[in-house]
Amino acid sequence: MSKLDLLGLKGVPREEITKILDGAAEMKKILMSGKKKISLLEGKSVFLMFYEPSTRTSSSFDEAAKILGANTINLAVSSSSVKKGETLIDTAMTLDHMQADVIVIRHSVSGAPKLIAQNTKASVINAGDGLHEHPTQSLLDMFTMREKWGTFEGKKIAIIGDIKHSRVARSNIWGLTAMGANVTICAPATLMPIGVEDLPVTVAKTKEEAAKNADAIMGLRLQLERQDKGMFPSIAEYFKYYGIEKSIIDLAHKDVIVMHPGPVNRGAEIDTDSTDGLNSVITQQVTNGVAVRMSVLAYLTGKLDEFLTPNANKRKVVPL
Amino acid sequence: MKILLKNGNIVFGDKVEKGDLVLENGRIAFAGGTYSGESDKSYDVSGKMVLPGLIDMHTHLRDPGLEYKEDIISGSRSAVAGGFTSIACMPNTRPSLDNPALVAYVKYKSKECGLCKVLPIGAVTKGQKGETLAELRLMSDQGAVAFSDDGSPVATAHMLRLALEYTKDFDGLIISHCEDVSLTDGGYVNEGKNASLAGLKGITRASEDVGTARDLIVAKTMDARIHIAHVSTSGAVDLIRFFKKQGVKVTAETCPQYLFATDKEILDFNTFAKINPPLREESDNQALIEGIKDGTIDVLATDHAPHHIDDKRVDFSQAAFGSIGLESAVGLNTRLIEKGVVDWTGLAKLMSTNPARILKLKETGEIKTGYVADITVIDPDIEYVFDAKKTFSKARNSLFDGWKLKGKAIMTIVDGQVVYNNSKITPFGRE
């Protein structure tokens, strides 16, 4: 059997996404139970390689793997192997020889997870690569939406902010449109990707146009140093034209959900009232992230079916 | 030694004619018609195209300093296997080829090698740093055929002006890598929808266009000769066309990668597709083809850029720029004939006659009695899948690995000596 990797959501069919989301729904029950540890991935090794600083994604993967009973190993890659001049392929081969089952990688360069995947027998999960994709973030976003709506058909999702540099936006564009949703994006021209007309999205000129009748409004993290590079003149100006605030939430559907991949720059891409308001699901996204990652880990290691079919091999999946 | 090539399709400057070619004492002794005299060696080349020896104006040999990627010997082997009788090598070596001693070194080593002619291109500025002019005239006297800070543009317009002004005294040629590095801004693929999809940092076409405009304006003001290297954008083609019409002494080259490949190649994060300037789009391919048709583009070069696999098997941002190209050039460029863009005489102009003229190589670049006996024989009907592992280069980083090609050099003759014949390399023609 050839190994499974999750490198992005572009081209991933609806059925596969549905399966992972279905799995996440069951995984969430474990996560929310009082005794959150099962034996599904017992004996498996999950290596976490974060070449970029990350707290929430790495700990989310770590928790997910541990709940499933796997051994997790955090590699301090950004401070050791790179300094030693070791290449990504060298590192991948080293982990292969350590019998890694899953490698979770975040890297500042697009395509780095693919390079690892091509040179290792382990399943590789892209935990964010450069400006390319961040598939588990998108899956958790979709899971959070599905919990609210049950379906994606005909739903309008407005993604507002720095689309150009956002791997979250890219994965969401591919994932949501595969599931039948309509995606509208809005960004200043300097933060809009070239060739946007070829993406399966609607481009809104203003945040008001994007938010109008939206079922979900998603903010994106803004790298504040982009201002130093002249991509926008000031935080104040950016917030006025692209910030998520009550005035645009009022234009959306009454029960619109407000989302953000975090961490939030309050007052830059979203204000405090919207971050903490009734429509916000930002904290639920974090919880759901663990459940989705549990599902992804189980799926890639070929264990999800075993988990979702309670009668078959039931004895293998036990609370620990 | 008298060599007879029997019954080939001889590509002259203005026609293709079936007939015999006789090479004697390093010169063309008889061309066209039927030869009935004696010969030391005779080859039947019926059905094959007999061209003036191909000249690549843009090769990287990495020697001295980076011989683990390529050296003068391996590069020369690759060149003759690709049908090239002369190659001009760029100065971005370690150290830079910026002084007469290194020019002499390249000439000496290539002569010892006994394959193709290696024509050194000296650096414009010392260390290619853009700060002070290199010893341009001394290098010229030692055999440098042109000057370039290739790999980067000449750092400032002022330095370019000085170089153009200074080299006019001895009719030197500046070859310009056109790029505005402030617009490149650390990018490494073409800025466009495919860069967006892959999430790779793009280089706007404006970088090349602005660089081209700068260099052409300076060349026009100085009334000096300039050659624009590896043109890749439609904008640069338009600029060169415009300035040529103004009477500016500009010539230009492009390479097969900019004619037949697009930035779609980056979608799979294939680092062999990371080249500089980057692979562009279909519309740019088309503009370059139009440029070839109307004479805006004078030369087809290769920009053969060998790298060790370790320099390529890394993440996209760290990967070195470049693809090898000497042995795939013929198989790719003959597509221009298939597409009706040029005929065989046109191809010979682009790959031999014009480079010889631009580099001021005497009695070379055409099949004429008395001219230097540099000859390339091409079998236009061979179809094959290009396999980079089977090339003579030390490097394997070919963008075209696995491509289906048609047309191949089967014999390369330098100074009347067969140095490559039917996949076999023979230095000094010692068959």
# chains A, B, ... in the order shown; residues from 1 in each chain; ligands from 1
>>> residues_around(residues="Val290 of chain A", least_positions_apart="3", cutoff="12 Å", atoms="only C-alpha atoms", output="VMD selection string")
chain A and resid 23 to 32 36 56 to 68 136 to 137 139 to 141 143 to 144 283 to 287 293 to 297
>>> interface_residues(of="chain A", to="chain B", cutoff="10 Å", atoms="only C-alpha atoms", output="ChimeraX atom specification")
/A:10,87-90,107-116,129-133,164-167,170,192-199
>>> write_last_selection(atoms="N, CA and C atoms", output="mmCIF file, in the first residue's frame")
data_model
loop_
_atom_site.group_PDB
_atom_site.id
_atom_site.type_symbol
_atom_site.label_atom_id
_atom_site.label_comp_id
_atom_site.auth_asym_id
_atom_site.auth_seq_id
_atom_site.Cartn_x
_atom_site.Cartn_y
_atom_site.Cartn_z
ATOM 1 N N LYS A 10 -5.621 21.261 -2.373
ATOM 2 C CA LYS A 10 -5.889 21.414 -3.804
ATOM 3 C C LYS A 10 -6.029 20.029 -4.419
ATOM 4 N N THR A 87 20.462 19.165 5.391
ATOM 5 C CA THR A 87 19.365 19.509 4.485
ATOM 6 C C THR A 87 18.089 18.825 4.950
ATOM 7 N N LEU A 88 17.000 19.300 4.397
ATOM 8 C CA LEU A 88 15.698 18.712 4.730
ATOM 9 C C LEU A 88 15.678 17.225 4.413
ATOM 10 N N ILE A 89 16.301 16.879 3.294
ATOM 11 C CA ILE A 89 16.294 15.474 2.880
ATOM 12 C C ILE A 89 17.100 14.633 3.869
ATOM 13 N N ASP A 90 18.223 15.172 4.315
ATOM 14 C CA ASP A 90 19.009 14.457 5.329
ATOM 15 C C ASP A 90 18.160 14.205 6.567
ATOM 16 N N HIS A 107 7.206 24.751 7.617
ATOM 17 C CA HIS A 107 8.433 25.308 7.039
ATOM 18 C C HIS A 107 8.107 26.614 6.334
ATOM 19 N N SER A 108 9.068 27.497 6.331
ATOM 20 C CA SER A 108 8.812 28.812 5.737
ATOM 21 C C SER A 108 8.820 28.786 4.210
ATOM 22 N N VAL A 109 9.238 27.668 3.638
ATOM 23 C CA VAL A 109 9.341 27.611 2.179
ATOM 24 C C VAL A 109 8.261 26.691 1.595
ATOM 25 N N SER A 110 7.528 27.209 0.635
ATOM 26 C CA SER A 110 6.502 26.403 -0.029
ATOM 27 C C SER A 110 7.144 25.177 -0.662
ATOM 28 N N GLY A 111 6.490 24.051 -0.529
ATOM 29 C CA GLY A 111 6.986 22.834 -1.171
ATOM 30 C C GLY A 111 7.898 22.002 -0.282
ATOM 31 N N ALA A 112 8.336 22.560 0.864
ATOM 32 C CA ALA A 112 9.246 21.798 1.738
ATOM 33 C C ALA A 112 8.618 20.475 2.200
ATOM 34 N N PRO A 113 7.337 20.446 2.610
ATOM 35 C CA PRO A 113 6.747 19.157 3.008
ATOM 36 C C PRO A 113 6.747 18.141 1.866
ATOM 37 N N LYS A 114 6.569 18.630 0.655
ATOM 38 C CA LYS A 114 6.579 17.712 -0.494
ATOM 39 C C LYS A 114 7.968 17.089 -0.654
ATOM 40 N N LEU A 115 8.977 17.907 -0.492
ATOM 41 C CA LEU A 115 10.354 17.412 -0.594
ATOM 42 C C LEU A 115 10.594 16.320 0.453
ATOM 43 N N ILE A 116 10.111 16.551 1.665
ATOM 44 C CA ILE A 116 10.233 15.543 2.726
ATOM 45 C C ILE A 116 9.459 14.279 2.321
ATOM 46 N N ASP A 129 3.230 25.530 4.912
ATOM 47 C CA ASP A 129 4.482 25.715 4.163
ATOM 48 C C ASP A 129 4.449 27.016 3.384
ATOM 49 N N GLY A 130 5.322 27.917 3.795
ATOM 50 C CA GLY A 130 5.488 29.190 3.091
ATOM 51 C C GLY A 130 4.169 29.871 2.833
ATOM 52 N N LEU A 131 3.955 30.188 1.575
ATOM 53 C CA LEU A 131 2.717 30.854 1.186
ATOM 54 C C LEU A 131 1.800 29.855 0.483
ATOM 55 N N HIS A 132 2.045 28.586 0.689
ATOM 56 C CA HIS A 132 1.367 27.573 -0.119
ATOM 57 C C HIS A 132 0.067 27.078 0.519
ATOM 58 N N GLU A 133 0.164 26.169 1.497
ATOM 59 C CA GLU A 133 -1.059 25.601 2.076
ATOM 60 C C GLU A 133 -0.901 25.341 3.573
ATOM 61 N N LYS A 164 -2.643 37.294 -0.113
ATOM 62 C CA LYS A 164 -1.429 36.971 -0.868
ATOM 63 C C LYS A 164 -0.467 36.096 -0.069
ATOM 64 N N HIS A 165 -0.289 36.421 1.188
ATOM 65 C CA HIS A 165 0.699 35.694 1.988
ATOM 66 C C HIS A 165 0.070 34.620 2.866
ATOM 67 N N SER A 166 -1.198 34.304 2.626
ATOM 68 C CA SER A 166 -1.895 33.395 3.540
ATOM 69 C C SER A 166 -2.049 31.986 2.991
ATOM 70 N N ARG A 167 -1.357 31.051 3.635
ATOM 71 C CA ARG A 167 -1.548 29.646 3.271
ATOM 72 C C ARG A 167 -2.902 29.155 3.782
ATOM 73 N N ARG A 170 -5.405 30.000 1.084
ATOM 74 C CA ARG A 170 -5.303 29.105 -0.080
ATOM 75 C C ARG A 170 -5.964 27.764 0.208
ATOM 76 N N MET A 192 -3.080 41.011 -2.455
ATOM 77 C CA MET A 192 -3.942 40.099 -3.230
ATOM 78 C C MET A 192 -3.035 39.286 -4.156
ATOM 79 N N PRO A 193 -3.224 37.961 -4.241
ATOM 80 C CA PRO A 193 -2.321 37.186 -5.115
ATOM 81 C C PRO A 193 -2.505 37.546 -6.595
ATOM 82 N N ILE A 194 -1.394 37.508 -7.327
ATOM 83 C CA ILE A 194 -1.449 37.685 -8.781
ATOM 84 C C ILE A 194 -2.216 36.487 -9.352
ATOM 85 N N GLY A 195 -3.008 36.725 -10.386
ATOM 86 C CA GLY A 195 -3.716 35.623 -11.036
ATOM 87 C C GLY A 195 -4.951 35.198 -10.266
ATOM 88 N N VAL A 196 -5.440 36.109 -9.415
ATOM 89 C CA VAL A 196 -6.593 35.765 -8.576
ATOM 90 C C VAL A 196 -7.815 35.436 -9.436
ATOM 91 N N GLU A 197 -7.826 35.988 -10.633
ATOM 92 C CA GLU A 197 -8.982 35.752 -11.518
ATOM 93 C C GLU A 197 -9.118 34.282 -11.912
ATOM 94 N N ASP A 198 -8.035 33.543 -11.770
ATOM 95 C CA ASP A 198 -8.101 32.115 -12.104
ATOM 96 C C ASP A 198 -8.491 31.252 -10.909
ATOM 97 N N LEU A 199 -8.631 31.849 -9.755
ATOM 98 C CA LEU A 199 -9.032 31.073 -8.578
ATOM 99 C C LEU A 199 -10.561 30.964 -8.556
#
>>> residues_around(residues="Ala210 of chain A", least_positions_apart="2", cutoff="7 Å", atoms="only C-alpha atoms", output="PyMOL selection string")
chain A and resi 158+184-186+204+206-208+212
>>> residues_around(residues="segment 187-189 of chain A", least_positions_apart="6", cutoff="10 Å", atoms="only C-alpha atoms", output="PyMOL selection string")
chain A and resi 159-164+203-207+231-232+238+241-242
>>> residues_around(residues="Gly346 of chain B", least_positions_apart="4", cutoff="9 Å", atoms="only C-alpha atoms", output="number ranges by chain")
B: 13-14, 337, 341-342, 350-351
>>> residues_around(residues="segment 288-295 of chain B", least_positions_apart="5", cutoff="10 Å", atoms="only C-alpha atoms", output="count of residues only")
29
>>> atom_distance(atom1="atom CA of Glu269 of chain A", atom2="atom CA of Ile217 of chain A")
11.8 Å
>>> closest_residue(among="A:Thr94, A:Thr190, A:Ser138, A:Gln99", to="Ser123 of chain A", atoms="only C-alpha atoms")
A:Gln99
>>> select_by_dssp(residues="segment 28-110 of chain A", states="alpha helix (DSSP H)", output="list in words")
Lys28, Lys29, Ile30, Leu31, Met32, Arg56, Thr57, Ser58, Ser59, Ser60, Phe61, Asp62, Glu63, Ala64, Ala65, Lys66, Ile67, Leu88, Ile89, Asp90, Thr91, Ala92, Met93, Thr94, Leu95, Asp96 and His97 of chain A
>>> closest_residue(among="A:Lys3, A:Lys155, A:Leu304, A:Asp255", to="Ala122 of chain A", atoms="only C-alpha atoms")
A:Lys3
>>> closest_residue(among="B:Gly32, B:Pro64, B:Pro100, B:Gly75", to="Ala88 of chain B", atoms="only C-alpha atoms")
B:Gly75
